Structure formats: C-alpha cells, structure tokens
Amino acid sequence: MSNPWHRSIGNITTALKNRTLNLFLKSNCPLCDRAAALVFCQYCQRQIQECQLTKPAQYWQGDLPLFAWGKYEGAIKRSIGKLKYDGHRSIGDFYGEALAAGWQTFAPVVPTKLIVLPVPLHPDKLASRGFNQAELIARKFCQMTGAKLDLSLHRTRSTVAQFGLSKSARQENVEGAFALVNSSLKPGDTVSIVDDIYTTGSTVRAIASVLRSQQINVCGVAVVAITERDN
Ligand SMILES: [Zn+2]
C-alpha cells in the first residue's frame, strides 16, 4: 500500500507536470474543448481543412471577382459561429492567416498596392459584439500579405440579418447602407473587400457600387467561406 504522503507528492508532481504542459498548450480547442497547441486541436483543424476549396480562385472572374478559402459548412461554419457569437477572436486571426496563405498561393492578379476594406458592422452591432470579425480577418490578412488596411468604410444604416431573405430583399436591405467616412481613399486607388461569409453577394455588391461611384477600383472580394451557390 502506498504511503498517503507519497501519494500526495505524486499528485502534486502530476499537477505540476500538467501545468508545465499547459504552458505549451495555448488553450482548449473552441470547437471540441480538447487541448490545442494552436487555435484548434489537430482533429478539428483537419475537419476545417476538409471544407477548404481546392480552387479558391475559381470564382475570380466577372464584374466582382470572388476569392473564397472554404465552403460554409461543417467545421468552418461552426468555427465562424464561435468567432462571432462566443467571442473567440483567435479564430479571426486563424482565418486571416489562412486566407492570406491561400491568396499568396493562388495569387489572383491584383495591383501591388492593394488596399483592403473589411465589410463594416453597424455601430450598434459593433457595440454589442465588441469587435468586427471581418476586420480581425482583414487585419491579419494585411499583416501577412503587406496589403494596407483601410477602415473608412462604414455601415451608416442598420440592416436586418440577410439570412432567410430573398435575393431581391437582400439587395433592398443593404442598398444605401454603406458610405466612406473621413476616408483617405482617392479615385484610382484599388481595393479588395474582405468578409467572413459570402452568400448572394448583395452586401459586397452594394459596397462596390458606393466605391465605384467615387472612381475607386474594386478588384474583387476575399472571403473565408462561401455558401452553396445557386448558380
Ligand atoms: Zn477540436
């Protein structure tokens, strides 16, 4: 039978070992609560990678080209929910980095002096959420790619959530909702819009039309995930 003193020393040693280990394991995975060395545990990271698009630049064409890192489903969908609604900001960094890596690998043709505009939240939404997920993603994207972050695009009118609205209702919902405020952007500048999710594109089209009316070139949109396309 082991001595209780030795047992308790043993417990303390195990606890210390675990603590030391935890110093290296950043935090628990926001999706499954397992220990994670990076943002996600290896298991969830693999699941996220399974939702990654093999050709993220396949929609980089037409009037408003689109670059999409992954599909809005499975682990990507759950992790974006954790970012937005549970405040796991490190997920924004994770996707900003992933989007930048994809962008650099597939290199859509864009000017060298690219300016990145995250899709803004209405000030009320920003106040209740505490951060804009598109801005977190765009900030990291700019750090990785050397693009310039510009935060002068504002949502001037509150809009209802686009989810569940028809295509035409979505368009009406976001029309006139965006404006540049105290902006240093000038005619001839080239920008790309960054957001977390792309559904029908009504939001980014409304933004592009505001920018283009001021002779700002919108080369395209970069998003973390795209929902199933209806065309
Ligand atoms: Zn996990």
# chains A, B, ... in the order shown; residues from 1 in each chain; ligands from 1
>>> residues_near_ligand(ligand="ligand 1", cutoff="8 Å", atoms="only C-alpha atoms and all ligand atoms", output="list in words")
Asn28, Cys29, Pro30, Leu31, Cys32, Asp33, Arg34, Ala35, Ala36, Phe40, Cys41, Gln42, Tyr43, Cys44 and Gln45 of chain A
>>> closest_atom_pairs(of="region 149-203 of chain A", to="region 94-108 of chain A", cutoff="12 Å", atoms="only C-alpha atoms", output="Markdown table")
| residue | atom | partner | partner_atom | distance |
| --- | --- | --- | --- | --- |
| A:Ser192 | CA | A:Pro108 | CA | 11.3 |
| A:Val194 | CA | A:Gly96 | CA | 9.6 |
| A:Asp195 | CA | A:Gly96 | CA | 10.0 |
| A:Asp196 | CA | A:Tyr95 | CA | 8.6 |
| A:Ile197 | CA | A:Tyr95 | CA | 11.4 |
>>> residues_around(residues="Lys82 (chain A)", least_positions_apart="3", cutoff="8 Å", atoms="only C-alpha atoms", output="JSON, numbers by chain")
{"A": [30, 31, 78, 79, 85, 86, 87, 88, 91]}
>>> closest_residue(among="A:Asn132, A:Gln47, A:Ser183, A:Thr200", to="Leu83 (chain A)", atoms="only C-alpha atoms")
A:Asn132
>>> residues_around(residues="region 113-127 of chain A", least_positions_apart="5", cutoff="7 Å", atoms="only C-alpha atoms", output="ChimeraX atom specification")
/A:132,134-135,138,147-151,153-158,190-195
>>> write_last_selection(atoms="N, CA and C atoms", output="mmCIF file, in the first residue's frame")
data_model
loop_
_atom_site.group_PDB
_atom_site.id
_atom_site.type_symbol
_atom_site.label_atom_id
_atom_site.label_comp_id
_atom_site.auth_asym_id
_atom_site.auth_seq_id
_atom_site.Cartn_x
_atom_site.Cartn_y
_atom_site.Cartn_z
ATOM 1 N N ASN A 132 -15.447 43.535 -34.840
ATOM 2 C CA ASN A 132 -15.953 43.181 -36.161
ATOM 3 C C ASN A 132 -15.108 42.019 -36.697
ATOM 4 N N ALA A 134 -14.932 40.647 -39.556
ATOM 5 C CA ALA A 134 -14.318 40.887 -40.873
ATOM 6 C C ALA A 134 -13.047 41.722 -40.715
ATOM 7 N N GLU A 135 -13.075 42.641 -39.738
ATOM 8 C CA GLU A 135 -11.887 43.477 -39.501
ATOM 9 C C GLU A 135 -10.733 42.634 -38.929
ATOM 10 N N ALA A 138 -9.371 40.726 -41.842
ATOM 11 C CA ALA A 138 -8.675 41.624 -42.772
ATOM 12 C C ALA A 138 -7.352 42.116 -42.190
ATOM 13 N N ALA A 147 -0.701 44.060 -47.673
ATOM 14 C CA ALA A 147 -1.739 44.977 -48.166
ATOM 15 C C ALA A 147 -2.048 45.990 -47.071
ATOM 16 N N LYS A 148 -2.651 47.119 -47.471
ATOM 17 C CA LYS A 148 -2.935 48.181 -46.496
ATOM 18 C C LYS A 148 -4.381 48.066 -46.007
ATOM 19 N N LEU A 149 -4.545 48.082 -44.696
ATOM 20 C CA LEU A 149 -5.890 48.008 -44.121
ATOM 21 C C LEU A 149 -6.512 49.400 -44.092
ATOM 22 N N ASP A 150 -7.747 49.508 -44.541
ATOM 23 C CA ASP A 150 -8.439 50.800 -44.508
ATOM 24 C C ASP A 150 -9.788 50.599 -43.816
ATOM 25 N N LEU A 151 -10.050 51.427 -42.811
ATOM 26 C CA LEU A 151 -11.280 51.233 -42.032
ATOM 27 C C LEU A 151 -12.268 52.379 -42.240
ATOM 28 N N LEU A 153 -14.634 52.594 -44.434
ATOM 29 C CA LEU A 153 -15.967 52.209 -44.894
ATOM 30 C C LEU A 153 -16.857 51.978 -43.674
ATOM 31 N N HIS A 154 -18.021 52.621 -43.665
ATOM 32 C CA HIS A 154 -18.921 52.496 -42.513
ATOM 33 C C HIS A 154 -20.291 52.029 -42.944
ATOM 34 N N ARG A 155 -20.950 51.358 -42.015
ATOM 35 C CA ARG A 155 -22.347 50.983 -42.254
ATOM 36 C C ARG A 155 -23.168 52.080 -41.601
ATOM 37 N N THR A 156 -23.834 52.859 -42.435
ATOM 38 C CA THR A 156 -24.487 54.053 -41.907
ATOM 39 C C THR A 156 -25.949 53.796 -41.552
ATOM 40 N N ARG A 157 -26.454 52.680 -42.022
ATOM 41 C CA ARG A 157 -27.852 52.375 -41.742
ATOM 42 C C ARG A 157 -27.913 50.951 -41.209
ATOM 43 N N SER A 158 -28.743 50.752 -40.206
ATOM 44 C CA SER A 158 -28.888 49.418 -39.643
ATOM 45 C C SER A 158 -29.639 48.536 -40.635
ATOM 46 N N THR A 190 -6.926 51.074 -55.721
ATOM 47 C CA THR A 190 -7.504 49.753 -55.933
ATOM 48 C C THR A 190 -7.703 49.058 -54.600
ATOM 49 N N VAL A 191 -8.911 48.594 -54.399
ATOM 50 C CA VAL A 191 -9.240 47.949 -53.123
ATOM 51 C C VAL A 191 -9.815 46.555 -53.342
ATOM 52 N N SER A 192 -9.703 45.764 -52.271
ATOM 53 C CA SER A 192 -10.382 44.474 -52.230
ATOM 54 C C SER A 192 -11.219 44.465 -50.961
ATOM 55 N N ILE A 193 -12.398 43.900 -51.029
ATOM 56 C CA ILE A 193 -13.290 43.853 -49.867
ATOM 57 C C ILE A 193 -13.080 42.497 -49.177
ATOM 58 N N VAL A 194 -13.017 42.508 -47.841
ATOM 59 C CA VAL A 194 -12.835 41.242 -47.106
ATOM 60 C C VAL A 194 -14.013 41.016 -46.165
ATOM 61 N N ASP A 195 -14.508 39.791 -46.152
ATOM 62 C CA ASP A 195 -15.604 39.441 -45.247
ATOM 63 C C ASP A 195 -15.440 37.996 -44.778
#
